[in-house]
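Shown next, in structure tokens, is the structure this report addresses.
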Amino acid sequence: METTKTGADVLFILLGAVMVLAMHSGFAFLEVGTVRKKNQVNALVKILSDFAVSTIVYFFVGYSVAYGTSFLVGADVLIGKTGTAFAASGYDLVKFFFLATFAAAIPAIVSGGIAERAKFTTQLMATALLVGLVYPLFEGMVWGTRFGFQDMMKDLFGVAFHDFAGSVVVHAVGGWIGLAAVLMLGTRLGRYRKDGRLVAFPPSNIPFLALGAWVLSVGWFGFNVMSAQVIADISGLVAMNSLMAMVGGIVTSLVVGRNDPGFIHNGALAGLVAVCAGSDVMHPVGALATGGIAGAMFVWLFNLCQIKWKIDDVLGVWALHGMCGFMGGIACGIFGQEALGGLGGVSFGGQVVGTVIGAAFGLGGGLAVYGGLKATLGIRLSDEEEFAGADLSIHQIGAYPEDATTVHDDGLAMSVHSANKRKAAG
């Protein structure tokens, strides 16, 4: 019986890990559809490469920082055959897989904000630092119950800081890191006129943008529901609340965004970001309200950043993840209360304090990582490289090669970028 239960738990969290892994393709296509054509290949390569670097660094460093566990032991110990450090059937291994997909979401979030002008190699270095040190420190404070943070919260507010599926731990931290990176990089070439007016850079492919949003939305039910981590703790309330928050975000972004397809598809994600923290304790009506607030808030903050504050956050990652995650952490302390139909066990004051600490941690960590890399190696493409596009400048091929080639007088096809460099040299 115990073997069957353990096997079911392994399968349960493995399915969750696979669903969140699939979400990374959603991150990729959301970015591909939003950026200009000359940066689509770079978006795809960034997300995949960041995932690989994240997994390796999280395996050797980050997971140990967060949970105090090392995988550098014999395979017999890893699957629980000898020793007592690891659960039977390799449960801890699939738990690592699941949590690694969460950790890799940090650079995937940042990627959308810094699109079209960030250096590729230094971004991989930033990913290693963020996933190896910055993110796991806060993850360990909240989910790993390390460093005395949750004990402090219980002493102050009577209950621990509650973040069931990562509104703050993943999204707010990732979004505020993204804001730091965007501020360090500066605006894209030609984004604003000399008089400060915004120059429109429309999305290159709405169907890809929509595909990315759909993949993310579907995968999110693994992100949230499987955060229970064992099948005995699975809750239909989490699934219902995720659904209600998603549709709430869609409806309000539809209205406030005036039918804009970019806002509508991101509105679904805004609702899902915001409900993560309290999806296990809110009433579905509270989840609907949380998602609705998040959808409207995303549209308002995205426009505020781009138009008034001149912050060139390409996908609006600070508005979507940073601020909707921030709001979701606090909303958990409101709509999770028994007086509003929730299950209780949360403190409004505790949620405010924990959320503010998470946002400050993300912003400070982002400024330290990107500030250090900017001062030492540089984090931005040259003007020539940015003008040509990250695809040709970094990867030497465009998303649509037939549009980016020219035939030289020797009969060989070469990229427009390479042809122009050859012409300038000779």
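Please note that chains go A, B, ... in the order of the structure tokens, that every chain numbers its residues from 1, and that ligands are numbered from 1 in the order shown.
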
Write out as a ChimeraX atom specification the residues lying within 8 Å of Ala103 (chain A), counting only C-alpha atoms and excluding same-chain residues fewer than 5 positions away.
-> /A:54,58,131,135-136,170

Pull the helix (DSSP H, G or I) assignments for region 269-373 of chain A out of DSSP run on the backbone, and list those residues as a PyMOL selection string.
-> chain A and resi 269-275+284-308+317-335+338-340+348-373

In terms of only C-alpha atoms, the residue from A:Phe361, A:Phe138, A:Phe97, A:Phe208 at minimal distance from Phe29 (chain A) is A:Phe208

Interatomic distance, CA of Ala210 (chain A) to CA of Leu288 (chain A) (Å, one decimal) | 21.8 Å

Looking at A:Met125, A:Ala118, A:Ala287, A:Leu243, which one is nearest to Asp383 (chain A), with distances taken over only C-alpha atoms?
->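 Among A:Met125, A:Ala118, A:Ala287, A:Leu243, it is A:Ala118 that comes nearest to Asp383 (chain A).
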
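The shortest atom-to-atom distance to Val256 (chain A), with only C-alpha atoms taken into account, belongs to A:Val299 out of A:Val299, A:Gly286, A:Ile206, A:Gly291.
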
Distance query Val41 (chain A) at most 10 Å, only C-alpha atoms, self and fewer than 5 positions along chain excluded, as a count of residues only | 14

What lies within 10 Å of Gly345 (chain A) using only C-alpha atoms, ignoring chain neighbours under 3 positions off, as an NGL selection string?
-> :A and (158-162 or 281 or 333 or 336-338 or 342)

Please save N, CA, C and O atoms of the selected residues as a compact mmCIF listing (two decimals), in the first residue's frame.
# COMPACT_ATOMS: atom_id res chain seq x y z
N GLY A 158 1.35 35.50 13.99
CA GLY A 158 0.62 34.32 14.43
C GLY A 158 0.55 33.20 13.41
O GLY A 158 0.26 32.06 13.75
N VAL A 159 0.82 33.52 12.15
CA VAL A 159 0.83 32.52 11.07
C VAL A 159 1.99 32.82 10.14
O VAL A 159 2.51 33.93 10.11
N ALA A 160 2.35 31.81 9.36
CA ALA A 160 3.44 31.98 8.40
C ALA A 160 2.97 32.79 7.19
O ALA A 160 1.77 32.93 6.95
N PHE A 161 3.93 33.33 6.45
CA PHE A 161 3.61 33.98 5.18
C PHE A 161 3.13 32.92 4.22
O PHE A 161 3.76 31.88 4.05
N HIS A 162 1.99 33.17 3.57
CA HIS A 162 1.35 32.14 2.74
C HIS A 162 1.51 32.46 1.26
O HIS A 162 1.07 33.51 0.78
N VAL A 281 -6.82 28.82 -0.55
CA VAL A 281 -7.59 29.29 0.61
C VAL A 281 -8.73 30.23 0.25
O VAL A 281 -9.60 30.50 1.08
N GLY A 333 -4.20 37.59 1.65
CA GLY A 333 -4.50 37.99 3.02
C GLY A 333 -5.86 38.65 3.18
O GLY A 333 -6.31 38.87 4.31
N GLY A 336 -8.56 35.38 1.46
CA GLY A 336 -8.37 34.11 2.17
C GLY A 336 -8.98 34.11 3.56
O GLY A 336 -9.05 33.06 4.21
N GLN A 337 -9.46 35.27 4.01
CA GLN A 337 -10.07 35.38 5.34
C GLN A 337 -11.43 34.67 5.38
O GLN A 337 -12.19 34.70 4.42
N GLU A 338 -11.74 34.06 6.51
CA GLU A 338 -13.02 33.38 6.67
C GLU A 338 -14.20 34.33 6.50
O GLU A 338 -15.26 33.95 6.00
N GLY A 342 -13.22 32.63 2.68
CA GLY A 342 -12.00 31.84 2.54
C GLY A 342 -11.84 30.83 3.65
O GLY A 342 -12.68 30.72 4.56

Pairwise distance, CA of Ala213 (chain A) with CA of Asp280 (chain A), equals 23.1 Å

Name the closest residue to Leu237 (chain A) among the candidates A:Asn42, A:Asn266, A:Ser279, A:Ser217; distances are taken between atoms, counting only C-alpha atoms.
->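 Distance minimum relative to Leu237 (chain A) lands on A:Ser279.
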
Report the distance between CA of Gly365 (chain A) and CA of Leu179 (chain A) in Å, rounded to one decimal place.
->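 For CA of Gly365 (chain A) relative to CA of Leu179 (chain A), the distance reads 11.0 Å.
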
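Closest approach to Pro107 (chain A) from the set A:Ala245, A:Leu254, A:Leu129, A:Leu183 is made by A:Leu129, with distances taken over only C-alpha atoms.
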
Please provide the set of residues having any atom within 9 Å of Thr187 (chain A), restricted to only C-alpha atoms, with same-chain residues fewer than 3 positions apart removed, written as a ChimeraX atom specification.
-> /A:117,182-183,190-192,310-313

Output file for the residues above (all heavy atoms, as an mmCIF file, in the first residue's frame):
data_model
loop_
_atom_site.group_PDB
_atom_site.id
_atom_site.type_symbol
_atom_site.label_atom_id
_atom_site.label_comp_id
_atom_site.auth_asym_id
_atom_site.auth_seq_id
_atom_site.Cartn_x
_atom_site.Cartn_y
_atom_site.Cartn_z
ATOM 1 N N ARG A 117 17.471 43.834 -27.108
ATOM 2 C CA ARG A 117 18.713 44.615 -26.991
ATOM 3 C C ARG A 117 19.704 44.053 -25.979
ATOM 4 O O ARG A 117 20.738 44.654 -25.708
ATOM 5 C CB ARG A 117 18.418 46.076 -26.666
ATOM 6 C CG ARG A 117 17.966 46.380 -25.226
ATOM 7 C CD ARG A 117 16.498 46.389 -25.118
ATOM 8 N NE ARG A 117 16.024 47.163 -23.969
ATOM 9 C CZ ARG A 117 14.891 46.887 -23.324
ATOM 10 N NH1 ARG A 117 14.149 45.869 -23.697
ATOM 11 N NH2 ARG A 117 14.495 47.632 -22.320
ATOM 12 N N VAL A 182 15.625 45.896 -16.925
ATOM 13 C CA VAL A 182 15.141 46.854 -17.928
ATOM 14 C C VAL A 182 15.711 48.244 -17.662
ATOM 15 O O VAL A 182 16.142 48.945 -18.595
ATOM 16 C CB VAL A 182 13.606 46.886 -17.939
ATOM 17 C CG1 VAL A 182 13.082 48.062 -18.759
ATOM 18 C CG2 VAL A 182 13.046 45.573 -18.495
ATOM 19 N N LEU A 183 15.723 48.654 -16.402
ATOM 20 C CA LEU A 183 16.266 49.972 -16.060
ATOM 21 C C LEU A 183 17.759 50.047 -16.371
ATOM 22 O O LEU A 183 18.256 51.082 -16.825
ATOM 23 C CB LEU A 183 16.015 50.268 -14.580
ATOM 24 C CG LEU A 183 14.551 50.466 -14.168
ATOM 25 C CD1 LEU A 183 14.442 50.632 -12.661
ATOM 26 C CD2 LEU A 183 13.932 51.664 -14.881
ATOM 27 N N GLY A 190 15.094 54.092 -31.002
ATOM 28 C CA GLY A 190 13.933 54.583 -31.728
ATOM 29 C C GLY A 190 12.608 54.413 -31.025
ATOM 30 O O GLY A 190 11.562 54.726 -31.593
ATOM 31 N N ARG A 191 12.627 53.934 -29.778
ATOM 32 C CA ARG A 191 11.358 53.701 -29.073
ATOM 33 C C ARG A 191 10.649 55.006 -28.716
ATOM 34 O O ARG A 191 9.419 55.067 -28.682
ATOM 35 C CB ARG A 191 11.628 52.886 -27.803
ATOM 36 C CG ARG A 191 10.392 52.508 -26.993
ATOM 37 C CD ARG A 191 9.381 51.739 -27.798
ATOM 38 N NE ARG A 191 8.361 51.130 -26.953
ATOM 39 C CZ ARG A 191 7.175 50.735 -27.374
ATOM 40 N NH1 ARG A 191 6.838 50.913 -28.656
ATOM 41 N NH2 ARG A 191 6.311 50.191 -26.560
ATOM 42 N N TYR A 192 11.427 56.051 -28.454
ATOM 43 C CA TYR A 192 10.835 57.345 -28.104
ATOM 44 C C TYR A 192 11.448 58.448 -28.982
ATOM 45 O O TYR A 192 12.645 58.450 -29.252
ATOM 46 C CB TYR A 192 11.086 57.667 -26.620
ATOM 47 C CG TYR A 192 10.441 56.668 -25.691
ATOM 48 C CD1 TYR A 192 11.169 55.602 -25.162
ATOM 49 C CD2 TYR A 192 9.089 56.755 -25.359
ATOM 50 C CE1 TYR A 192 10.580 54.670 -24.328
ATOM 51 C CE2 TYR A 192 8.495 55.839 -24.528
ATOM 52 C CZ TYR A 192 9.236 54.793 -24.015
ATOM 53 O OH TYR A 192 8.642 53.858 -23.193
ATOM 54 N N LYS A 310 8.288 56.085 -19.492
ATOM 55 C CA LYS A 310 9.318 55.776 -20.503
ATOM 56 C C LYS A 310 10.188 54.584 -20.093
ATOM 57 O O LYS A 310 11.397 54.551 -20.323
ATOM 58 C CB LYS A 310 10.220 56.997 -20.749
ATOM 59 C CG LYS A 310 9.470 58.298 -21.039
ATOM 60 C CD LYS A 310 8.776 58.253 -22.371
ATOM 61 C CE LYS A 310 8.206 59.608 -22.758
ATOM 62 N NZ LYS A 310 7.188 60.137 -21.841
ATOM 63 N N ILE A 311 9.560 53.592 -19.459
ATOM 64 C CA ILE A 311 10.247 52.344 -19.117
ATOM 65 C C ILE A 311 9.925 51.335 -20.214
ATOM 66 O O ILE A 311 8.786 50.918 -20.371
ATOM 67 C CB ILE A 311 9.794 51.820 -17.741
ATOM 68 C CG1 ILE A 311 10.154 52.823 -16.639
ATOM 69 C CG2 ILE A 311 10.422 50.462 -17.452
ATOM 70 C CD1 ILE A 311 9.629 52.445 -15.256
ATOM 71 N N ASP A 312 10.941 50.958 -20.972
ATOM 72 C CA ASP A 312 10.725 50.117 -22.151
ATOM 73 C C ASP A 312 10.789 48.628 -21.782
ATOM 74 O O ASP A 312 11.728 47.911 -22.117
ATOM 75 C CB ASP A 312 11.774 50.460 -23.217
ATOM 76 C CG ASP A 312 11.442 49.852 -24.572
ATOM 77 O OD1 ASP A 312 10.311 49.377 -24.754
ATOM 78 O OD2 ASP A 312 12.327 49.851 -25.442
ATOM 79 N N ASP A 313 9.761 48.205 -21.085
ATOM 80 C CA ASP A 313 9.597 46.814 -20.659
ATOM 81 C C ASP A 313 8.778 46.121 -21.747
ATOM 82 O O ASP A 313 7.556 46.257 -21.796
ATOM 83 C CB ASP A 313 8.876 46.807 -19.311
ATOM 84 C CG ASP A 313 8.660 45.430 -18.741
ATOM 85 O OD1 ASP A 313 8.891 44.433 -19.437
ATOM 86 O OD2 ASP A 313 8.204 45.347 -17.577
#

Which residues come within 6 Å of region 316-329 of chain A, counting only C-alpha atoms, excluding same-chain residues fewer than 3 positions away, as a PyMOL selection string?
-> chain A and resi 113+167-168+171-172+175-176+179+270+273-275+277+294+298+301-302+313+332+355

Export N, CA, C and O atoms of the chosen residues as a CSV table (one decimal), in the first residue's frame?
chain,number,residue,atom,x,y,z
A,113,GLY,N,11.2,41.2,-20.7
A,113,GLY,CA,11.4,42.6,-20.4
A,113,GLY,C,12.6,43.2,-21.2
A,113,GLY,O,12.6,44.3,-21.6
A,167,SER,N,2.9,33.4,-6.2
A,167,SER,CA,2.6,34.8,-6.7
A,167,SER,C,3.8,35.7,-6.4
A,167,SER,O,4.2,36.6,-7.2
A,168,VAL,N,4.4,35.5,-5.2
A,168,VAL,CA,5.5,36.3,-4.7
A,168,VAL,C,6.8,35.6,-5.0
A,168,VAL,O,7.7,36.2,-5.6
A,171,HIS,N,6.7,35.0,-9.2
A,171,HIS,CA,6.3,36.0,-10.1
A,171,HIS,C,6.7,37.4,-9.6
A,171,HIS,O,7.3,38.2,-10.4
A,172,ALA,N,6.4,37.8,-8.4
A,172,ALA,CA,6.8,39.1,-7.9
A,172,ALA,C,8.4,39.2,-7.9
A,172,ALA,O,8.9,40.2,-8.4
A,175,GLY,N,9.5,39.4,-11.6
A,175,GLY,CA,9.1,40.7,-12.2
A,175,GLY,C,9.9,41.9,-11.7
A,175,GLY,O,10.2,42.8,-12.5
A,176,TRP,N,10.2,41.9,-10.4
A,176,TRP,CA,11.0,43.0,-9.9
A,176,TRP,C,12.5,42.9,-10.3
A,176,TRP,O,13.2,43.9,-10.5
A,179,LEU,N,12.4,44.3,-13.7
A,179,LEU,CA,12.4,45.8,-13.7
A,179,LEU,C,13.8,46.3,-13.6
A,179,LEU,O,14.2,47.2,-14.3
A,270,ALA,N,-2.4,37.5,-16.2
A,270,ALA,CA,-2.4,38.4,-15.0
A,270,ALA,C,-3.2,37.8,-13.9
A,270,ALA,O,-2.8,37.8,-12.7
A,273,VAL,N,-1.4,34.8,-12.4
A,273,VAL,CA,-0.3,35.2,-11.6
A,273,VAL,C,-0.8,35.6,-10.2
A,273,VAL,O,-0.2,35.2,-9.2
A,274,ALA,N,-1.8,36.4,-10.2
A,274,ALA,CA,-2.3,36.9,-8.9
A,274,ALA,C,-2.9,35.9,-8.0
A,274,ALA,O,-2.9,36.0,-6.8
A,275,VAL,N,-3.5,34.8,-8.6
A,275,VAL,CA,-4.2,33.9,-7.7
A,275,VAL,C,-3.3,32.8,-7.1
A,275,VAL,O,-3.7,32.0,-6.2
A,277,ALA,N,-0.9,32.7,-5.0
A,277,ALA,CA,-0.6,32.7,-3.6
A,277,ALA,C,-1.7,32.1,-2.8
A,277,ALA,O,-1.6,31.3,-1.9
A,294,ALA,N,-6.4,42.1,-11.3
A,294,ALA,CA,-5.1,41.9,-11.9
A,294,ALA,C,-5.2,42.2,-13.4
A,294,ALA,O,-4.3,42.9,-13.9
A,298,PHE,N,-3.0,45.2,-15.0
A,298,PHE,CA,-1.9,45.0,-16.0
A,298,PHE,C,-2.0,46.0,-17.1
A,298,PHE,O,-1.0,46.6,-17.5
A,301,LEU,N,-1.0,49.6,-15.8
A,301,LEU,CA,0.4,49.7,-15.5
A,301,LEU,C,1.3,49.6,-16.7
A,301,LEU,O,2.3,50.3,-16.8
A,302,PHE,N,0.9,48.7,-17.6
A,302,PHE,CA,1.7,48.6,-18.9
A,302,PHE,C,1.7,49.9,-19.6
A,302,PHE,O,2.8,50.4,-20.0
A,313,ASP,N,9.8,48.2,-21.1
A,313,ASP,CA,9.6,46.8,-20.7
A,313,ASP,C,8.8,46.1,-21.7
A,313,ASP,O,7.6,46.3,-21.8
A,332,CYS,N,-4.3,37.4,-1.1
A,332,CYS,CA,-4.4,36.2,-0.3
A,332,CYS,C,-4.8,36.5,1.1
A,332,CYS,O,-5.6,35.8,1.7
A,355,THR,N,5.1,40.1,1.2
A,355,THR,CA,5.1,40.5,-0.2
A,355,THR,C,6.1,41.7,-0.5
A,355,THR,O,6.8,41.6,-1.4

Can you tell me, as a PyMOL selection string, what residues are no more than 8 Å from Val142 (chain A) when counting only C-alpha atoms, ignoring any on the same chain fewer than 4 positions away?
-> chain A and resi 138+146+149-150+161+163+169

So which one's closest to Val199 (chain A), A:Gly292, A:Leu21, A:Ile307, A:Leu78? Using only C-alpha atoms, please.
->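 Smallest distance to Val199 (chain A) is found for A:Ile307.
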